[in-house]
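Read the structure below first, then the notes.
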Amino acid sequence: MLRTLISAFLVIVASLAVVGLTLSASTGRRAELRFVNSTEPKTLDPHLITGEPEGRIAEAIFEGLTRLDAQSLEPVPGVAESWEITPDGKTYTFHIRTGARWSDGHPLTAQDFTYAWRRLQDPSLGAEYAYIMQMVRYSEAFNTHEAQASALEGPIQNALHELGHSSPGAVPDKAVRDFVSKQHLDAVLKGTPNAALRAFLLRGPGELTQGELGVLATELAREGQRRRALYQEAKLHFGIDGGVYAKDEHTLIVELVAPTPYFLALTAFYPAYPVPRWAIEKQTGRNWFLPANIVSNGAFRLAEWSVGSRIHLERSDTYWGRSDVKLRSADALPLENQTTGLNLYLTGEVDWLPQNTYPAELAQDLRKRPDFFIGPALIVYYYRINVTRKPFDDVRVRKALNLAVDRDVITREVLGVGQQSAFRLVPPGIRGYTPPDTGISYDVAQAQKLLADAGFPGGRGFPKFGILYNTLETHKKIAEVIADQLRRNLNIDVSAYNQEWQSYQQSTRSLDYDLSRAAWVGDYEDPNTFLDLFTTNGGNNQTGWSNLVYDRLLEAAGNVEEFVAAPAFILQHASRAPELERLADAVRLNKEAPSRLKVMAELRLELLGEAERILVHDEFPILPVYFYVIGDMVKPKVKGFYTKLRGSDGATRSNLRDLHPLRSIYIDEHPSPRDGAP
């Protein structure tokens with residue numbers, strides 16, 4: 001009762017404080033649908049978007065070859081009205097709708113996709129999501145190989161020469177390891193077929209003779225030449241007559257390196273959207289996405305962008321499926337103040353509050369309302385551990401930290417709306433994926449023993465360290481609880497500290513932290529969207545951690561046929577080698593395409609499970625905390641908003657990604673009682 005009264009008091013006080021903003025937000029053309037979008041988008045360029053607020057707008061104003069059906073979130077025809085897939089699962093032929101047009105009236109053609117996908121991979125653009133489409137033939141070479149070749153032929157050779165010059169005799173092991181680390185050799189040589197270089201990366205501790213140094217220099221130069229040749233080949237063919245290319249204006253061919261079960265879901269994701277070449281080149285690539293300049297192809301058009309106030313969307317007259325779009329207009333409000341957002345909802349100014357756009361401390365009360373729904377989410381909350389700093393370079397220390405945290409206290413007492421304690425990275429609920437064994441639990445005695453084994457008995461001698469979080473009240477509470485548990489359970493000196501978003505991002509990217517808060521929202525429903533975060537030198541890794549076996553497992557999952565052809569290395573290191581070998585044999589023996597692809601998909605998930613096991617059973621570069629729940633508030637009049645999904649197979653499941661395409665939403669001013677699927 002006391003909590004309810006306090007919550008009500010907070011809402012009333014906040015309402016009085018934001019009357020001016022509420023009135024301001026309600027001025028101008030009132031859209032049929034209004035929702036809080038948490039923050040101002042940084043860009044609406046589909047190739048540069050990385051965040052959820054930008055993604056919600058992009059999904060409304062652009063459309064890919066496929067789109068996600070609102071009721072199933074399965075890929076259905078978008079700009080492409082149909083497609084065929086070759087029996088080996090590697091080549092897709094998409095047929096572009098003859099009625100597909102851009103918002104300025106230009107016909108939309110297959111060439112718009114070849115331009116867009118080549119632009120995404122152009123290293124000069126610096127698209128963070130370029131990697132997500134690199135199952136397409138030539139794309140990775142076009143995006144990465146020139147820079148890698150330059151490094152192998154220049155700075156790395158120079159550093160190797162200095163290494164030999166500084167040690168006229170044998171080069172000490174530490175110097176060799178420092179060279180590998182500083183030159184990011186694991187990342188630069190990722191995927192190399194060169195047996196000598198693979199052996200070097202796997203070598204155990206020991207000196208390097210001058211003769212071995214000379215061989216290494218030769219092989220690195222050879223690998224640089226190989227990558228430069230592959231880049232030149234990709235430059236000549238990618239987007240032109242290979243990888244992705246237009247057979248004619250309405251036929252797009254896409255060639256994959258290997259079968260990718262979730263590929264059609266990716267073609268509905270914003271990195272794969274087409275973009276208008278003429279509009280981008282007219283603005284020399286800058287500000288082409290602002291209302292006065294933008295040309296888009298989605299169900300809605302960007303009618304207005306008033307910074308700090310709203311983004312106003314209107315139904316597009318040129319969209320091929322405009323007769324299916326019932327919603328005439330929508331407003332996205334960029335509100336970072338969660339109390340303000342809640343009050344706008346309570347006063348009827350907005351119709352939808354997505355997750356994390358209302359005060360977390362009021363969630364216990366809000367969940368009692370009939371317009372509040374809650375469900376599991378494809379999101380994990382975790383801490384990165386900076387393995388480049390001592391003593392966090394010691395796996396025993398990292399495991400001790402994991403074992404000393406009682407996650408149930410956080411989910412029960414700090415959060416309290418159904419979040420699940422996380423002892424792994426990949427959230428539950430992904431179809432077909434069996435999570436691996438984990439070495440994470442709550443075991444203070446074992447944590448203390450591990451810390452003693454690492455040279456810190458009773459916590460003595462352990463350096464003071466910090467837990468970094470970006471400024472938000474919930475992050476503060478969680479960090480303080482974890483710091484308190486580590487102090488009490490391990491007798492170590494630790495404190496939580498915050499930084500504003502931009503500073504926090506810079507600190508994590510530059511590895512200027514000890515432990516750092518993080519979270520990841522699955523971009524598609526597959527374990528790979530979480531596990532590929534931690535490949536060597538990955539853009540979102542930001543821990544300094546590298547593991548060759550982990551990298552090879554991700555590579556094998558990305559190209560199962562290559563693993564089947566040469567499984568020895570992974571079988572040597574896998575915990576479930578007999579099962580992997582059984583599935584590999586089944587792939588070899590199975591010549592019928594549909595059943596062969598089915599076994600390959602099963603084998604792929606087993607390989608991903610092996611990779612996750614390294615993270616949470618062997619190496620611990622992260623400290624998982626909890627799996628999110630989705631908790632949205634939506635008015636009963638908002639229809640086409642599905643909290644439960646029904647797949648094409650008739651099975652129902654939760655909307656783990658909390659995706660609600662505006663294309664399918666409409667307003668019913670006289671709604672019937674809610675049935676759980678608005």
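Here, A, B, ... name the chains of the structure tokens in the order displayed, residue numbers run from 1 inside each chain, and ligands are numbered from 1 in the same displayed order.
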Quick one: residues within 7 Å of Val634 (chain A), only C-alpha atoms counted, chain neighbours fewer than 4 positions away excluded, as a short mmCIF file (atom, residue, chain, number, x, y, z; two decimals) with N, CA and C atoms, in the first residue's frame?
```cif
data_model
loop_
_atom_site.label_atom_id
_atom_site.label_comp_id
_atom_site.auth_asym_id
_atom_site.auth_seq_id
_atom_site.Cartn_x
_atom_site.Cartn_y
_atom_site.Cartn_z
N ASP A 351 -0.02 6.78 -27.12
CA ASP A 351 -0.78 5.53 -27.14
C ASP A 351 0.06 4.31 -26.83
N TRP A 352 1.37 4.46 -26.90
CA TRP A 352 2.24 3.30 -26.71
C TRP A 352 3.51 3.73 -26.00
N LEU A 353 3.82 3.04 -24.90
CA LEU A 353 5.09 3.20 -24.19
C LEU A 353 5.88 1.90 -24.35
N ASP A 371 -3.72 -2.39 -19.37
CA ASP A 371 -3.05 -1.98 -20.60
C ASP A 371 -1.54 -2.19 -20.53
N PHE A 372 -1.08 -2.92 -19.53
CA PHE A 372 0.34 -3.26 -19.39
C PHE A 372 0.50 -4.74 -19.70
N VAL A 638 -5.36 0.45 -29.82
CA VAL A 638 -4.29 0.14 -30.77
C VAL A 638 -4.39 -1.34 -31.17
#
```
Notebook entry, point to check: Please, which residues of region 359-414 of chain A, numbered as in this document, come out alpha helix (DSSP H) from DSSP, as JSON, numbers by chain?
Noted result: {"A": [363, 364, 365, 366, 395, 396, 397, 398, 399, 400, 401, 402, 403, 407, 408, 409]}
What does the file look like for those residues with C-alpha atoms, as a compact mmCIF listing (two decimals), in the first residue's frame?
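The new file part-v4.txt reads:
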```
# COMPACT_ATOMS: atom_id res chain seq x y z
CA ALA A 363 6.80 -1.23 -12.91
CA GLN A 364 5.41 -3.22 -9.95
CA ASP A 365 2.39 -0.93 -9.84
CA LEU A 366 2.01 -0.48 -13.58
CA VAL A 395 40.47 -16.73 -15.83
CA ARG A 396 40.30 -17.77 -12.16
CA VAL A 397 39.60 -14.17 -11.18
CA ARG A 398 36.93 -13.80 -13.85
CA LYS A 399 35.20 -16.99 -12.74
CA ALA A 400 35.41 -15.94 -9.09
CA LEU A 401 33.62 -12.69 -9.88
CA ASN A 402 30.88 -14.63 -11.67
CA LEU A 403 30.43 -17.05 -8.78
CA ARG A 407 21.70 -12.68 -9.47
CA ASP A 408 18.40 -13.71 -7.88
CA VAL A 409 18.66 -10.77 -5.45
```
Next item on the list: Go through A:Val180, A:Leu335, A:Ile482, A:Leu425 one by one, measure the shortest atom-to-atom distance of each to Asp406 (chain A) using only C-alpha atoms, and give the residue with the smallest value.
Entry: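 Looking at the shortest contact to Asp406 (chain A), the residue is A:Ile482.
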Each residue of region 25-142 of chain A with at least one atom at most 10 Å from region 538-549 of chain A should appear once, together with its nearest atom pair and the corresponding distance in Å (one decimal); atoms considered: only C-alpha atoms; ordering: chain, then increasing residue number; output as a Markdown table.
```
| residue | atom | partner | partner_atom | distance |
| --- | --- | --- | --- | --- |
| A:Glu128 | CA | A:Gly539 | CA | 7.4 |
| A:Tyr129 | CA | A:Gly539 | CA | 9.3 |
| A:Tyr131 | CA | A:Gly539 | CA | 9.5 |
```
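With distances restricted to only C-alpha atoms, A:Val625 is the closest residue to Ser441 (chain A) from A:Val625, A:Tyr497, A:Phe373, A:Ile85.
Nearest-residue note for Gly558 (chain A): choosing from A:Ile630, A:Ala584, A:Asp512, A:Leu603, the minimum distance belongs to A:Leu603, counting only C-alpha atoms.
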Margin query: Here is a test: counting only C-alpha atoms, which residue of A:Asn337, A:Gln111, A:Thr411, A:Thr86 is nearest to Glu249 (chain A)?
Written below: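 Comparing A:Asn337, A:Gln111, A:Thr411, A:Thr86 against Glu249 (chain A), the winner is A:Gln111.
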Please provide the set of residues having any atom within 7 Å of region 662-670 of chain A, restricted to only C-alpha atoms, with same-chain residues fewer than 4 positions apart removed, written as an mmCIF file with N, CA and C atoms, in the first residue's frame.
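This is the output file selection-v3.cif:
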```cif
data_model
loop_
_atom_site.group_PDB
_atom_site.id
_atom_site.type_symbol
_atom_site.label_atom_id
_atom_site.label_comp_id
_atom_site.auth_asym_id
_atom_site.auth_seq_id
_atom_site.Cartn_x
_atom_site.Cartn_y
_atom_site.Cartn_z
ATOM 1 N N ALA A 60 9.547 1.774 -40.718
ATOM 2 C CA ALA A 60 8.301 2.347 -41.228
ATOM 3 C C ALA A 60 8.489 3.031 -42.576
ATOM 4 N N ALA A 70 3.503 -9.070 -39.072
ATOM 5 C CA ALA A 70 3.257 -8.591 -37.712
ATOM 6 C C ALA A 70 2.813 -9.707 -36.775
ATOM 7 N N ALA A 299 6.126 1.938 -46.146
ATOM 8 C CA ALA A 299 4.692 2.179 -46.009
ATOM 9 C C ALA A 299 4.386 3.606 -45.582
ATOM 10 N N VAL A 325 -2.344 -0.617 -45.704
ATOM 11 C CA VAL A 325 -1.904 0.212 -44.576
ATOM 12 C C VAL A 325 -3.090 1.034 -44.083
ATOM 13 N N LYS A 326 -3.574 0.744 -42.880
ATOM 14 C CA LYS A 326 -4.757 1.418 -42.347
ATOM 15 C C LYS A 326 -4.406 2.701 -41.597
ATOM 16 N N LEU A 327 -3.230 2.726 -40.995
ATOM 17 C CA LEU A 327 -2.827 3.884 -40.193
ATOM 18 C C LEU A 327 -2.447 5.043 -41.105
ATOM 19 N N LYS A 637 -7.191 0.721 -27.811
ATOM 20 C CA LYS A 637 -7.630 1.064 -29.166
ATOM 21 C C LYS A 637 -6.590 0.738 -30.233
ATOM 22 N N VAL A 638 -5.362 0.449 -29.821
ATOM 23 C CA VAL A 638 -4.292 0.136 -30.774
ATOM 24 C C VAL A 638 -4.390 -1.335 -31.169
ATOM 25 N N LYS A 639 -4.662 -1.590 -32.438
ATOM 26 C CA LYS A 639 -4.834 -2.950 -32.929
ATOM 27 C C LYS A 639 -3.702 -3.307 -33.899
ATOM 28 N N GLY A 640 -3.575 -4.622 -34.169
ATOM 29 C CA GLY A 640 -2.469 -5.094 -34.999
ATOM 30 C C GLY A 640 -1.165 -5.131 -34.233
ATOM 31 N N PHE A 641 -1.265 -5.133 -32.909
ATOM 32 C CA PHE A 641 -0.119 -5.078 -32.001
ATOM 33 C C PHE A 641 -0.100 -6.412 -31.259
#
```
Next item on the list: Would you please give, as JSON, numbers by chain, all residues of region 306-554 of chain A that DSSP assigns to strand (DSSP E or B) based on the backbone?
Entry: {"A": [306, 310, 311, 312, 313, 314, 315, 329, 330, 331, 332, 333, 352, 353, 372, 373, 374, 375, 376, 377, 378, 379, 380, 381, 382, 383, 384, 385, 420, 421, 465, 466, 467, 468, 469, 470, 494, 495, 496, 497, 498, 499, 515, 516, 517, 518, 519, 520, 521]}
Next item on the list: Grab the CA of Leu615 (chain A) to CA of Ile440 (chain A) distance for me, in Å with one decimal place.
Entry: 10.2 Å
Check: Val560 (chain A): which residues within 10 Å, counting only C-alpha atoms, same-chain residues fewer than 3 positions away excluded, as a list in words?
Finding: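 Once the adjacent positions are removed, what remains is Ala258, Pro259, Thr260, Leu553, Leu554, Glu555, Ala556, Ala557, Phe563, Val564, Ala565, Ala566, Pro567, Ala584, Val587, Leu597, Met600, Ala601, Leu603, Arg604 and Leu607 of chain A.
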Same residues, C-alpha atoms, output as a short mmCIF file (atom, residue, chain, number, x, y, z; two decimals), in the first residue's frame:
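Final output, saved to again05.cif:
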```cif
data_model
loop_
_atom_site.label_atom_id
_atom_site.label_comp_id
_atom_site.auth_asym_id
_atom_site.auth_seq_id
_atom_site.Cartn_x
_atom_site.Cartn_y
_atom_site.Cartn_z
CA ALA A 258 27.15 -21.00 -47.25
CA PRO A 259 23.51 -21.78 -46.45
CA THR A 260 22.22 -19.31 -43.86
CA LEU A 553 33.57 -22.36 -34.04
CA LEU A 554 31.81 -19.21 -35.26
CA GLU A 555 33.46 -19.63 -38.66
CA ALA A 556 32.36 -23.28 -38.78
CA ALA A 557 28.78 -22.33 -37.87
CA PHE A 563 33.64 -27.81 -41.14
CA VAL A 564 32.30 -31.11 -42.52
CA ALA A 565 35.19 -31.21 -45.01
CA ALA A 566 37.85 -30.54 -42.34
CA PRO A 567 36.50 -31.10 -38.79
CA ALA A 584 29.03 -34.23 -39.73
CA VAL A 587 25.72 -34.43 -43.65
CA LEU A 597 20.05 -28.75 -45.15
CA MET A 600 23.32 -28.91 -41.48
CA ALA A 601 21.07 -26.50 -39.54
CA LEU A 603 24.92 -29.15 -36.76
CA ARG A 604 25.22 -25.38 -36.99
CA LEU A 607 28.63 -25.56 -33.12
#
```
Next item on the list: Calculate how many Å separate CA of Gln420 (chain A) from CA of Tyr628 (chain A), rounding to one decimal.
Entry: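 So the answer is 7.0 Å.
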Next item on the list: Excluding region 204-215 of chain A and any residue of its chain fewer than 5 positions from it, enumerate the residues within 9 Å of it, using only C-alpha atoms, and give them as a PyMOL selection string.
Entry: chain A and resi 160-161+163-164+167-177+196+220
Grab the residues selected above and save them as a PDB file, in the first residue's frame with C-alpha atoms.
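Result written to again-v4.pdb:
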```pdb
ATOM      1  CA  LEU A 160      58.093  -8.069 -36.803  1.00  0.00           C
ATOM      2  CA  HIS A 161      61.368  -6.562 -38.022  1.00  0.00           C
ATOM      3  CA  LEU A 163      60.906  -7.681 -32.804  1.00  0.00           C
ATOM      4  CA  GLY A 164      63.830  -9.499 -34.417  1.00  0.00           C
ATOM      5  CA  SER A 167      66.378  -9.695 -29.744  1.00  0.00           C
ATOM      6  CA  PRO A 168      69.422 -10.741 -31.820  1.00  0.00           C
ATOM      7  CA  GLY A 169      69.087 -14.273 -30.465  1.00  0.00           C
ATOM      8  CA  ALA A 170      65.856 -16.087 -29.775  1.00  0.00           C
ATOM      9  CA  VAL A 171      62.852 -13.798 -29.224  1.00  0.00           C
ATOM     10  CA  PRO A 172      61.417 -14.228 -25.687  1.00  0.00           C
ATOM     11  CA  ASP A 173      57.928 -15.664 -25.339  1.00  0.00           C
ATOM     12  CA  LYS A 174      56.537 -12.499 -23.719  1.00  0.00           C
ATOM     13  CA  ALA A 175      57.765 -10.358 -26.598  1.00  0.00           C
ATOM     14  CA  VAL A 176      56.116 -12.724 -29.079  1.00  0.00           C
ATOM     15  CA  ARG A 177      52.810 -12.616 -27.181  1.00  0.00           C
ATOM     16  CA  ALA A 196      51.850 -22.153 -40.976  1.00  0.00           C
ATOM     17  CA  LEU A 220      52.524 -13.013 -43.341  1.00  0.00           C
TER      18      LEU A 220
END
```
